[in-house]
Every structure is written in structure tokens, then in C-alpha cells.
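S.K.: This is the structure I want to talk about, given as C-alpha cells.
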Amino acid sequence: MIERLLPAYVACSDTHETDAPEGSLYPEEVRQVASSVDRRRHEFAAVRACARKAMADLGLPPAPVLSGHRGMPRWPEGTVGSMTHCEGYRAAVLARTSDARAVGIDAEPNAPLPPDVWEVISLPSERARRPLGADSGTVHWDRLLFSAKESVFKTWFPLTRIELDFSEADIVFRSSPDSATEGTFTAELLRVAPGMPSAYEGRWLVDDGFAVTAIVLPATPFV
């Protein structure tokens, strides 16, 4: 599913399986989740199995993917990538730095957010743009907004190492002319960082019970 949102030079792997093959983790990965609950260990292993499939698709040897600050994956040298997992879905994507500066993906269940969370993650401008019929169930726009902001953070943080609050990106969604369940979005960044663009362009999709978003920053430097 995630591959539908990304250019061909980004290697993608996803799964609906909840568990990875026994013994699929490297020793240093095992140590990172040794004290975690079973669910966390299963998520950690399954999404890293996806990551190693993406490595293989790029012609790279398998390698451990450890978590750094704020859970940021530490990818093999010369690559950038992103991972996501939610109940029933895991995905990892990877690209060479010659093709992309950063990639951010996120997947969420296509279900309403709790009302108090919606107020926290959204700006007044975003609430005003919420489409008519937003609670119809076809696309839960509040959850899609949450996913888009997660993709923004995953794109921004590896390049800047600066925290980004939900209030520091203003998202505008556009639906495809051919489908009400997929389209594009623009994230206007309300925080400035050297060498970073003022806005990100992304794509979104709602299918099979999930809301999925993705952003790719091309390798061409911004001026």
C-alpha cells in the first residue's frame, strides 16, 4: 500500500503480519527492546523485517536498524528512510541519499481521534478547512491530519534535530479528481530551520481500513 504514495527510487516494504520470523533481530536490536512488553517487541521486529526487505530492494546487505533520539531510525550510511507501525500494519521505506534528502511515512487506523486529541493536534485554520461530512466514515480527516503531521516530523527531525510541535505545521489536503480516498497535501512549516524548505508536499491514501501519508524531500538542495 505505501508504495502507491512514493516514487520508484524509494524502496518500500509493508505487511499486515504482526510478528517477524523468529530470530530476525540482530543482537544489538534485541538489546534495545529487551525490557519492552511483548507487543512492542513484535512491532519492533516486524517493521525491521520490512526495513531489511527494503535494503535488499536497493541492493544493500541486511543491517541492524537501531533507534536513536525520539525513536529516529539509524539507517545504513548513504541512505535515508522511515518506518511506521500501527495495529495490523507495518511498513518501512528506504532511499539513497543521491535521490532523497529525507523521507517520512506514517500509517494510522482510519478511525476518529478522541475529541481532546483533535483539539491538541489541529490549528484553527485546519479545523476551519475540515471537509463537510468529515465524520461520514469514508475518510476520518482528523486521523489523516494526525498522520500527515507525523510524516512531517519524521521528515523534518532527521535533518534538523529540532523538535517540531503539532502547531508548527499547517496542513492543506487536496483530494484526487478521480478518487475521494486519496490525494496530496501541503504542509506549511511555521518554524524556520537553516537549509529547510518552508513547505513540504506529500501524498495521502485511505484504503483497507488505514490512513497512510508520505513525504519525500528530493536530493536537490533547497536555496
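Naming works like this for the C-alpha cells: A, B, ... for the chains as they're shown, residue 1 at the start of each chain, ligands 1 onward in shown order.
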Would you pick out the contacts of A:Arg143 at 12 Å or less, using only C-alpha atoms, so that residues sharing its chain but fewer than 3 positions from it are not included, and give the list as a ChimeraX atom specification?
M.R.: /A:106-115,117-119,121-122,130,134-135,137-140,146-150,204-206,209-213
S.K.: Show which residues sit within 8 Å of stretch 97-101 of chain A, as a PyMOL selection string. Count only C-alpha atoms, and ignore same-chain residues fewer than 2 positions away.
M.R.: chain A and resi 9+78-80+95+103+216-220
S.K.: Tell me, as a VMD selection string, which residues lie within 12 Å of A:Leu190, counting only C-alpha atoms; anything in the same chain fewer than 4 positions away does not count.
M.R.: chain A and resid 123 152 164 to 171 196 to 200
S.K.: DSSP on the backbone: what in stretch 12-127 of chain A comes out strand (DSSP E), as a VMD selection string?
M.R.: chain A and resid 12 to 15 66 to 67 73 to 74 79 to 86 89 to 96 100 to 109
S.K.: Those residues with N, CA, C and O atoms, as a CSV table (one decimal), in the first residue's frame please?
M.R.:
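The resulting file, again-v6.csv, is reproduced below:
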chain,number,residue,atom,x,y,z
A,12,CYS,N,10.2,0.1,-0.9
A,12,CYS,CA,9.1,0.0,0.0
A,12,CYS,C,8.8,-1.4,0.4
A,12,CYS,O,8.9,-2.3,-0.4
A,13,SER,N,8.5,-1.6,1.7
A,13,SER,CA,8.1,-3.0,2.1
A,13,SER,C,7.0,-2.8,3.2
A,13,SER,O,7.2,-2.0,4.1
A,14,ASP,N,5.9,-3.5,3.1
A,14,ASP,CA,4.9,-3.4,4.2
A,14,ASP,C,4.3,-4.8,4.4
A,14,ASP,O,4.5,-5.7,3.6
A,15,THR,N,3.6,-4.9,5.5
A,15,THR,CA,3.0,-6.2,5.8
A,15,THR,C,1.8,-5.9,6.8
A,15,THR,O,1.8,-5.0,7.5
A,66,LEU,N,18.9,0.6,14.5
A,66,LEU,CA,18.7,0.9,15.9
A,66,LEU,C,17.9,2.2,16.0
A,66,LEU,O,17.9,3.0,15.1
A,67,SER,N,17.3,2.4,17.1
A,67,SER,CA,16.5,3.6,17.4
A,67,SER,C,17.4,4.6,18.1
A,67,SER,O,18.1,4.3,19.1
A,73,PRO,N,15.1,6.2,13.4
A,73,PRO,CA,15.9,5.1,12.9
A,73,PRO,C,17.3,5.5,12.4
A,73,PRO,O,17.4,6.5,11.8
A,74,ARG,N,18.3,4.7,12.8
A,74,ARG,CA,19.6,5.0,12.3
A,74,ARG,C,19.9,4.0,11.1
A,74,ARG,O,20.1,2.8,11.2
A,79,THR,N,22.0,6.3,3.0
A,79,THR,CA,20.6,6.1,2.8
A,79,THR,C,19.8,6.9,3.8
A,79,THR,O,20.3,7.4,4.9
A,80,VAL,N,18.5,7.2,3.4
A,80,VAL,CA,17.5,7.8,4.3
A,80,VAL,C,16.3,6.9,4.3
A,80,VAL,O,16.0,6.3,3.3
A,81,GLY,N,15.5,7.0,5.3
A,81,GLY,CA,14.3,6.1,5.3
A,81,GLY,C,13.3,6.5,6.4
A,81,GLY,O,13.6,7.5,7.2
A,82,SER,N,12.3,5.7,6.5
A,82,SER,CA,11.3,6.0,7.5
A,82,SER,C,10.5,4.6,7.8
A,82,SER,O,10.5,3.8,6.9
A,83,MET,N,10.0,4.5,9.0
A,83,MET,CA,9.2,3.3,9.4
A,83,MET,C,7.9,3.8,10.1
A,83,MET,O,7.9,4.8,10.7
A,84,THR,N,6.9,2.9,10.0
A,84,THR,CA,5.7,3.2,10.7
A,84,THR,C,5.1,1.8,11.1
A,84,THR,O,5.2,0.8,10.4
A,85,HIS,N,4.3,1.8,12.2
A,85,HIS,CA,3.6,0.7,12.6
A,85,HIS,C,2.3,1.1,13.4
A,85,HIS,O,2.4,2.0,14.1
A,86,CYS,N,1.2,0.4,13.1
A,86,CYS,CA,0.0,0.6,13.9
A,86,CYS,C,-0.6,-0.8,13.9
A,86,CYS,O,-0.1,-1.8,13.3
A,89,TYR,N,-0.7,-3.2,10.7
A,89,TYR,CA,0.0,-2.7,9.5
A,89,TYR,C,1.4,-2.2,9.9
A,89,TYR,O,1.6,-1.5,10.9
A,90,ARG,N,2.5,-2.6,9.2
A,90,ARG,CA,3.8,-2.2,9.4
A,90,ARG,C,4.4,-1.9,8.0
A,90,ARG,O,4.2,-2.6,7.0
A,91,ALA,N,5.3,-0.9,8.0
A,91,ALA,CA,5.9,-0.5,6.7
A,91,ALA,C,7.3,0.2,7.0
A,91,ALA,O,7.5,0.8,8.0
A,92,ALA,N,8.2,0.0,6.0
A,92,ALA,CA,9.5,0.7,6.0
A,92,ALA,C,9.8,1.1,4.6
A,92,ALA,O,9.5,0.3,3.6
A,93,VAL,N,10.4,2.2,4.4
A,93,VAL,CA,10.9,2.7,3.1
A,93,VAL,C,12.3,3.2,3.2
A,93,VAL,O,12.7,3.7,4.3
A,94,LEU,N,13.0,3.2,2.1
A,94,LEU,CA,14.4,3.5,2.1
A,94,LEU,C,14.8,4.0,0.8
A,94,LEU,O,14.3,3.5,-0.3
A,95,ALA,N,15.7,5.1,0.8
A,95,ALA,CA,16.2,5.6,-0.5
A,95,ALA,C,17.6,6.0,-0.3
A,95,ALA,O,18.1,6.2,0.8
A,96,ARG,N,18.3,6.1,-1.4
A,96,ARG,CA,19.7,6.5,-1.4
A,96,ARG,C,19.8,8.0,-1.2
A,96,ARG,O,18.9,8.7,-1.8
A,100,ALA,N,17.3,11.2,-2.4
A,100,ALA,CA,16.4,11.9,-1.5
A,100,ALA,C,17.2,12.4,-0.3
A,100,ALA,O,18.1,11.8,0.2
A,101,ARG,N,16.8,13.6,0.2
A,101,ARG,CA,17.3,14.1,1.5
A,101,ARG,C,16.7,13.5,2.7
A,101,ARG,O,17.3,13.4,3.7
A,102,ALA,N,15.4,13.2,2.6
A,102,ALA,CA,14.6,12.7,3.7
A,102,ALA,C,13.3,12.1,3.2
A,102,ALA,O,12.8,12.5,2.2
A,103,VAL,N,12.8,11.1,4.0
A,103,VAL,CA,11.6,10.5,3.7
A,103,VAL,C,10.8,10.4,5.0
A,103,VAL,O,11.4,10.0,6.1
A,104,GLY,N,9.5,10.7,5.0
A,104,GLY,CA,8.7,10.5,6.2
A,104,GLY,C,7.4,9.8,5.8
A,104,GLY,O,6.7,10.2,4.9
A,105,ILE,N,7.1,8.7,6.5
A,105,ILE,CA,5.8,8.0,6.3
A,105,ILE,C,5.1,7.7,7.6
A,105,ILE,O,5.7,7.7,8.7
A,106,ASP,N,3.8,7.6,7.6
A,106,ASP,CA,3.0,7.2,8.7
A,106,ASP,C,1.7,6.5,8.3
A,106,ASP,O,1.2,6.8,7.3
A,107,ALA,N,1.3,5.6,9.1
A,107,ALA,CA,0.1,4.9,8.9
A,107,ALA,C,-0.7,4.9,10.2
A,107,ALA,O,-0.1,4.7,11.3
A,108,GLU,N,-2.0,5.1,10.1
A,108,GLU,CA,-2.9,5.1,11.3
A,108,GLU,C,-4.2,4.3,10.9
A,108,GLU,O,-4.6,4.3,9.8
A,109,PRO,N,-4.9,3.8,11.9
A,109,PRO,CA,-6.2,3.2,11.6
A,109,PRO,C,-7.1,4.3,11.2
A,109,PRO,O,-7.1,5.4,11.7
S.K.: I'd like to know which of A:Ala128, A:Ala214, A:Glu188, A:Asp142 is closest to A:Asp116, using only C-alpha atoms.
M.R.: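 The closest residue to A:Asp116 is A:Asp142.
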S.K.: If you run DSSP on the backbone here, which positions in stretch 48-201 of chain A get alpha helix (DSSP H)? Please write them as a PyMOL selection string.
M.R.: chain A and resi 48-57+115-121+124-128+141-160
S.K.: Would you mind exporting C-alpha atoms of the selected residues as a PDB file, in the first residue's frame?
M.R.:
ATOM      1  CA  ARG A  48      12.649  -4.146  10.888  1.00  0.00           C
ATOM      2  CA  ALA A  49      11.919  -7.188   8.785  1.00  0.00           C
ATOM      3  CA  CYS A  50      10.265  -4.735   6.377  1.00  0.00           C
ATOM      4  CA  ALA A  51      13.320  -2.473   6.567  1.00  0.00           C
ATOM      5  CA  ARG A  52      15.644  -5.306   5.563  1.00  0.00           C
ATOM      6  CA  LYS A  53      13.423  -6.161   2.599  1.00  0.00           C
ATOM      7  CA  ALA A  54      13.720  -2.539   1.516  1.00  0.00           C
ATOM      8  CA  MET A  55      17.508  -2.743   1.883  1.00  0.00           C
ATOM      9  CA  ALA A  56      17.551  -5.803  -0.355  1.00  0.00           C
ATOM     10  CA  ASP A  57      15.454  -3.989  -2.958  1.00  0.00           C
ATOM     11  CA  PRO A 115     -12.091  14.820  20.653  1.00  0.00           C
ATOM     12  CA  ASP A 116      -9.471  16.093  23.095  1.00  0.00           C
ATOM     13  CA  VAL A 117      -6.637  14.871  20.822  1.00  0.00           C
ATOM     14  CA  TRP A 118      -8.165  16.583  17.774  1.00  0.00           C
ATOM     15  CA  GLU A 119      -8.084  19.910  19.611  1.00  0.00           C
ATOM     16  CA  VAL A 120      -4.423  19.411  20.550  1.00  0.00           C
ATOM     17  CA  ILE A 121      -3.067  18.453  17.121  1.00  0.00           C
ATOM     18  CA  PRO A 124      -7.825  26.822  13.935  1.00  0.00           C
ATOM     19  CA  SER A 125      -7.140  27.092  10.190  1.00  0.00           C
ATOM     20  CA  GLU A 126      -7.132  23.307   9.855  1.00  0.00           C
ATOM     21  CA  ARG A 127     -10.347  22.936  11.818  1.00  0.00           C
ATOM     22  CA  ALA A 128     -11.973  25.542   9.569  1.00  0.00           C
ATOM     23  CA  TRP A 141      -9.898  13.658   8.349  1.00  0.00           C
ATOM     24  CA  ASP A 142      -8.839  14.170  11.946  1.00  0.00           C
ATOM     25  CA  ARG A 143      -6.859  10.921  11.873  1.00  0.00           C
ATOM     26  CA  LEU A 144      -5.452  11.763   8.446  1.00  0.00           C
ATOM     27  CA  LEU A 145      -4.262  15.106   9.807  1.00  0.00           C
ATOM     28  CA  PHE A 146      -2.535  13.347  12.682  1.00  0.00           C
ATOM     29  CA  SER A 147      -0.809  11.008  10.214  1.00  0.00           C
ATOM     30  CA  ALA A 148       0.314  13.867   7.972  1.00  0.00           C
ATOM     31  CA  LYS A 149       1.850  15.705  10.913  1.00  0.00           C
ATOM     32  CA  GLU A 150       3.679  12.551  11.955  1.00  0.00           C
ATOM     33  CA  SER A 151       5.103  12.297   8.414  1.00  0.00           C
ATOM     34  CA  VAL A 152       6.158  15.944   8.623  1.00  0.00           C
ATOM     35  CA  PHE A 153       8.029  15.322  11.884  1.00  0.00           C
ATOM     36  CA  LYS A 154       9.734  12.202  10.511  1.00  0.00           C
ATOM     37  CA  THR A 155      10.934  14.211   7.518  1.00  0.00           C
ATOM     38  CA  TRP A 156      11.983  17.283   9.475  1.00  0.00           C
ATOM     39  CA  PHE A 157      13.688  15.867  12.567  1.00  0.00           C
ATOM     40  CA  PRO A 158      16.492  13.782  10.987  1.00  0.00           C
ATOM     41  CA  LEU A 159      17.693  16.863   9.065  1.00  0.00           C
ATOM     42  CA  THR A 160      17.339  19.471  11.813  1.00  0.00           C
TER      43      THR A 160
END
S.K.: Compare A:Pro76, A:Thr181, A:Glu43, A:Gly202 by their minimum atom-to-atom distance to A:His16, counting only C-alpha atoms, and give me the closest one.
M.R.: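 Smallest separation from A:His16 among the options: A:Glu43.
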S.K.: Provide the atom CA of A:Glu17 to atom CA of A:Gly88 distance in Å, to one decimal place.
M.R.: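 Computing it gives 6.8 Å between the two atoms.
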S.K.: Rank nothing, just name the residue among A:Arg191, A:Ser179, A:Leu58, A:Phe44 nearest to A:Gly71, using only C-alpha atoms.
M.R.: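 Under the stated criterion, the closest residue is A:Phe44.
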S.K.: If we count only C-alpha atoms and set the cut-off at 8 Å, which residues sit around A:Arg203, ignoring sequence neighbours fewer than 3 positions away in its own chain? Please answer as a list in words.
M.R.: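 Listed by chain and then number, they are Leu5, Glu182, Gly183, Thr184, Phe185, Thr213, Ala214 and Ile215 of chain A.
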S.K.: Find the distance between atom CA of A:Pro64 and atom CA of A:Arg161 and write it in Å to one decimal.
M.R.: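 Between these atoms lies a distance of 21.6 Å.
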S.K.: To one decimal in Å, tell me the separation between atom CA of A:Ile2 and atom CA of A:Phe173.
M.R.: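 Distance reported for this atom pair: 17.9 Å.
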